[in-house]
Amino acid sequence: MTAPDDATALFEQLTGHAPDGVWSAPGRVNLIGEHTDYNDGFVLPFAIPHRTYAAVGMRDDGRIRVASTFADDAPVEVALDELAGLFPTPTGATPAVAEWAAYPLGVAWALQLADPSTDPGAAGCGVDIAIASDVPVGAGLSSSAAIEGATASALNDLWDAGLDRTALARIGRRAENEAVGAPTGIMDQMASMLGEPDAAIFLDCRTLDTNLVPVGIAEARLAILIMDTRVQHSHATGGYRERRASCERGAAIMGVPSLRDVSMGDLARAEELMDDVTFRRVRHIVTENQRVLDTVKTLRESGARAIGDLLVASHASMRDDFEISVAELDTAVEAALSAGAIGARMTGGGFGGAAIALIEQAAVQTVSDAVTAAFAASGFTPPHLFTVTPSAGARRDA
């Protein structure tokens, strides 16, 4: 069965009746702009065809129950007016419920806070939520934002909250930050909510202004190959928090609100003021912001074939300055480039996950074979390889 079928079947198994509807939201790939989002910077993600589906139905007892096909845990059920006692979760702490359940429950909690007219104790506000997904988990493709987007879209409709897509993205980020305890930015949620076919989303993470940038992958006879290393990562673990703390420390040293306010011309001064590690973290953010701007300009003026060097430079910066790559990611990128990829870089938060390669459509098998062979030669677990295209954002499916 497909993921929407799985979600519906789980709901019916859970409740004995059909859901009121099925909503979905996609994972995302970040074309370029890594760790710039929580620094008020620029990012260029796009939604992918892989989606998370939430089959949802109202219940009359003021309780919320969540279940999923990807967790062995039993369904989690609480009263809606008990959510305020479960959350927030301190950054890096273990949520009071199973982590997978903290995402949808956190969305319900955050939506209550955003819409004070919602009475969590009202009998008619209860919901059952059954979740299924074909977004790879732990691959840096925002499986968490897809859960948040599908849940937020469903509750927005069923609770008549009337929030727009940007507001729902904020709901998702609050759930991830304050319910799950993962200190992420808003890029993933915005990409999942606002994605459009054949376009990347140029997002200013300070203002939340967005512009669609045509990518033209199919027209240029190109493909984007995802190289999932199968090395799972988690944003709630220490490496991500440490990088964010370094960025905050660097901004404080420079006397600015965030690293968005540090320019390329400021780097010489930054190097004089900072220890080596903090400076390299800062340099990655500043140069990555510039690479996002350059990529947007290049896509608009010259097309996707011209962005290869920017992708490669981004990976080098994440590997050497931000130090969030791992051997498997470096192997995937190097093997893809050696096999003729136009450009390649790790994508996502790092410490595992996936890399992307921009390649000729005709070279998909050649590059895939080269990456698989390189992993085998290094003794790594075989990678999961597949292509993606920029796709639509959150929606109601049934």
# chains A, B, ... in the order shown; residues from 1 in each chain; ligands from 1
call {"tool": "select_by_dssp", "arguments": {"residues": "segment 97-334 of chain A", "states": "strand (DSSP E)", "output": "list in words"}}
result
Gly126, Val127, Asp128, Ile129, Ala130, Ile131, Ala132, Ser133, Ala199, Ala200, Ile201, Phe202, Leu203, Asp204, Thr210, Asn211, Leu212, Val213, Pro214, Leu222, Ala223, Ile224, Leu225, Ile226, Met227 and Asp228 of chain A
call {"tool": "select_by_dssp", "arguments": {"residues": "segment 56-201 of chain A", "states": "alpha helix (DSSP H)", "output": "number ranges by chain"}}
result
A: 83-86, 99-114, 143-158, 165-174, 187-194
call {"tool": "residues_around", "arguments": {"residues": "segment 351-356 of chain A", "least_positions_apart": "6", "cutoff": "10 Å", "atoms": "only C-alpha atoms", "output": "short mmCIF file (atom, residue, chain, number, x, y, z; two decimals) with C-alpha atoms, in the first residue's frame"}}
result
data_model
loop_
_atom_site.label_atom_id
_atom_site.label_comp_id
_atom_site.auth_asym_id
_atom_site.auth_seq_id
_atom_site.Cartn_x
_atom_site.Cartn_y
_atom_site.Cartn_z
CA VAL A 29 16.03 19.19 0.06
CA ASN A 30 18.11 22.26 0.67
CA LEU A 31 19.78 23.18 -2.59
CA PRO A 136 13.34 8.80 4.72
CA VAL A 137 13.90 9.32 8.46
CA GLY A 138 17.26 10.62 9.66
CA ALA A 139 18.45 11.43 6.13
CA GLY A 140 18.42 15.21 6.48
CA LEU A 141 15.28 15.50 4.31
CA ILE A 224 19.07 15.79 -8.65
CA LEU A 225 20.37 12.59 -7.10
CA ILE A 226 19.85 12.06 -3.37
CA MET A 227 22.62 10.03 -1.79
CA ASP A 228 21.29 8.94 1.59
CA THR A 229 24.27 7.65 3.55
CA ARG A 230 21.99 5.83 6.02
CA VAL A 231 23.99 7.45 8.81
CA GLN A 232 21.13 8.77 10.91
CA HIS A 233 21.34 12.09 12.65
CA SER A 234 19.22 14.01 15.12
CA HIS A 235 18.89 17.76 15.55
CA THR A 237 21.85 15.94 19.79
CA GLY A 239 26.69 18.72 17.68
CA TYR A 240 23.88 20.83 16.29
CA LEU A 311 27.55 23.52 -4.54
CA HIS A 315 30.33 21.28 0.83
CA GLU A 323 32.85 20.47 10.54
CA ILE A 324 29.45 18.80 10.17
CA SER A 325 30.27 16.33 7.42
CA VAL A 326 31.17 12.68 7.99
CA ALA A 327 33.26 10.23 5.98
CA GLU A 328 30.22 8.78 4.24
CA LEU A 329 29.03 12.20 3.07
CA ASP A 330 32.49 13.14 1.80
CA THR A 331 32.74 9.82 -0.02
CA ALA A 332 29.36 10.34 -1.70
CA VAL A 333 30.27 13.84 -2.85
CA ALA A 336 29.67 11.72 -7.62
CA ALA A 341 28.41 15.31 -11.49
CA GLY A 343 28.07 19.75 -8.50
CA ALA A 344 27.52 17.96 -5.21
CA ARG A 345 27.23 18.79 -1.52
CA PRO A 383 23.65 4.08 0.36
CA HIS A 384 20.03 4.68 -0.61
CA LEU A 385 20.04 6.48 -3.96
CA PHE A 386 17.08 8.12 -5.66
CA THR A 387 16.24 11.22 -7.68
CA VAL A 388 13.90 14.04 -6.68
#
call {"tool": "residues_around", "arguments": {"residues": "Leu203 of chain A", "least_positions_apart": "2", "cutoff": "6 Å", "atoms": "only C-alpha atoms", "output": "VMD selection string"}}
result
chain A and resid 42 to 43 201 205 209 to 210
call {"tool": "residues_around", "arguments": {"residues": "Ala71 of chain A", "least_positions_apart": "3", "cutoff": "10 Å", "atoms": "only C-alpha atoms", "output": "PyMOL selection string"}}
result
chain A and resi 67-68+74-75+98-101+131-132
call {"tool": "write_last_selection", "arguments": {"atoms": "all heavy atoms", "output": "tab-separated table (two decimals), in the first residue's frame"}}
result
chain	number	residue	atom	x	y	z
A	67	ALA	N	-0.91	8.14	16.47
A	67	ALA	CA	-0.31	6.83	16.18
A	67	ALA	C	0.44	6.96	14.87
A	67	ALA	O	0.13	7.82	14.03
A	67	ALA	CB	-1.39	5.75	16.07
A	68	SER	N	1.44	6.11	14.67
A	68	SER	CA	2.19	6.16	13.42
A	68	SER	C	2.59	4.75	12.99
A	68	SER	O	2.70	3.84	13.82
A	68	SER	CB	3.45	7.02	13.56
A	68	SER	OG	4.48	6.31	14.21
A	74	ALA	N	3.18	2.18	21.27
A	74	ALA	CA	1.72	2.23	21.24
A	74	ALA	C	1.27	3.66	20.97
A	74	ALA	O	2.04	4.63	21.18
A	74	ALA	CB	1.17	1.75	22.57
A	75	PRO	N	0.04	3.84	20.50
A	75	PRO	CA	-0.48	5.21	20.34
A	75	PRO	C	-0.35	6.00	21.64
A	75	PRO	O	-0.42	5.43	22.75
A	75	PRO	CB	-1.94	4.98	19.96
A	75	PRO	CG	-1.96	3.63	19.33
A	75	PRO	CD	-0.93	2.82	20.08
A	98	ALA	N	7.08	10.02	23.82
A	98	ALA	CA	8.00	9.50	22.81
A	98	ALA	C	8.29	10.59	21.78
A	98	ALA	O	7.39	11.35	21.39
A	98	ALA	CB	7.38	8.28	22.12
A	99	GLU	N	9.56	10.69	21.33
A	99	GLU	CA	9.94	11.81	20.47
A	99	GLU	C	9.07	11.92	19.22
A	99	GLU	O	8.68	13.02	18.82
A	99	GLU	CB	11.42	11.70	20.07
A	99	GLU	CG	11.88	12.91	19.26
A	99	GLU	CD	13.37	12.89	18.96
A	99	GLU	OE1	14.16	12.80	19.92
A	99	GLU	OE2	13.73	12.94	17.78
A	100	TRP	N	8.75	10.78	18.58
A	100	TRP	CA	7.95	10.86	17.36
A	100	TRP	C	6.59	11.49	17.66
A	100	TRP	O	6.05	12.23	16.83
A	100	TRP	CB	7.75	9.46	16.75
A	100	TRP	CG	6.86	8.55	17.57
A	100	TRP	CD1	7.24	7.64	18.51
A	100	TRP	CD2	5.42	8.48	17.52
A	100	TRP	NE1	6.16	7.02	19.06
A	100	TRP	CE2	5.02	7.52	18.47
A	100	TRP	CE3	4.45	9.15	16.77
A	100	TRP	CZ2	3.68	7.20	18.69
A	100	TRP	CZ3	3.12	8.83	16.99
A	100	TRP	CH2	2.74	7.86	17.93
A	101	ALA	N	6.04	11.21	18.86
A	101	ALA	CA	4.73	11.76	19.22
A	101	ALA	C	4.81	13.22	19.61
A	101	ALA	O	3.81	13.95	19.54
A	101	ALA	CB	4.12	10.95	20.36
A	131	ILE	N	-0.48	8.62	11.35
A	131	ILE	CA	0.56	9.16	10.47
A	131	ILE	C	1.32	8.04	9.78
A	131	ILE	O	1.70	7.05	10.40
A	131	ILE	CB	1.54	10.03	11.29
A	131	ILE	CG1	0.80	11.22	11.92
A	131	ILE	CG2	2.69	10.52	10.41
A	131	ILE	CD1	1.64	12.00	12.91
A	132	ALA	N	1.54	8.22	8.47
A	132	ALA	CA	2.40	7.33	7.69
A	132	ALA	C	3.24	8.21	6.77
A	132	ALA	O	2.82	9.32	6.41
A	132	ALA	CB	1.58	6.33	6.88
call {"tool": "atom_distance", "arguments": {"atom1": "atom CA of Val66 of chain A", "atom2": "atom CA of Ala179 of chain A"}}
result
15.0 Å
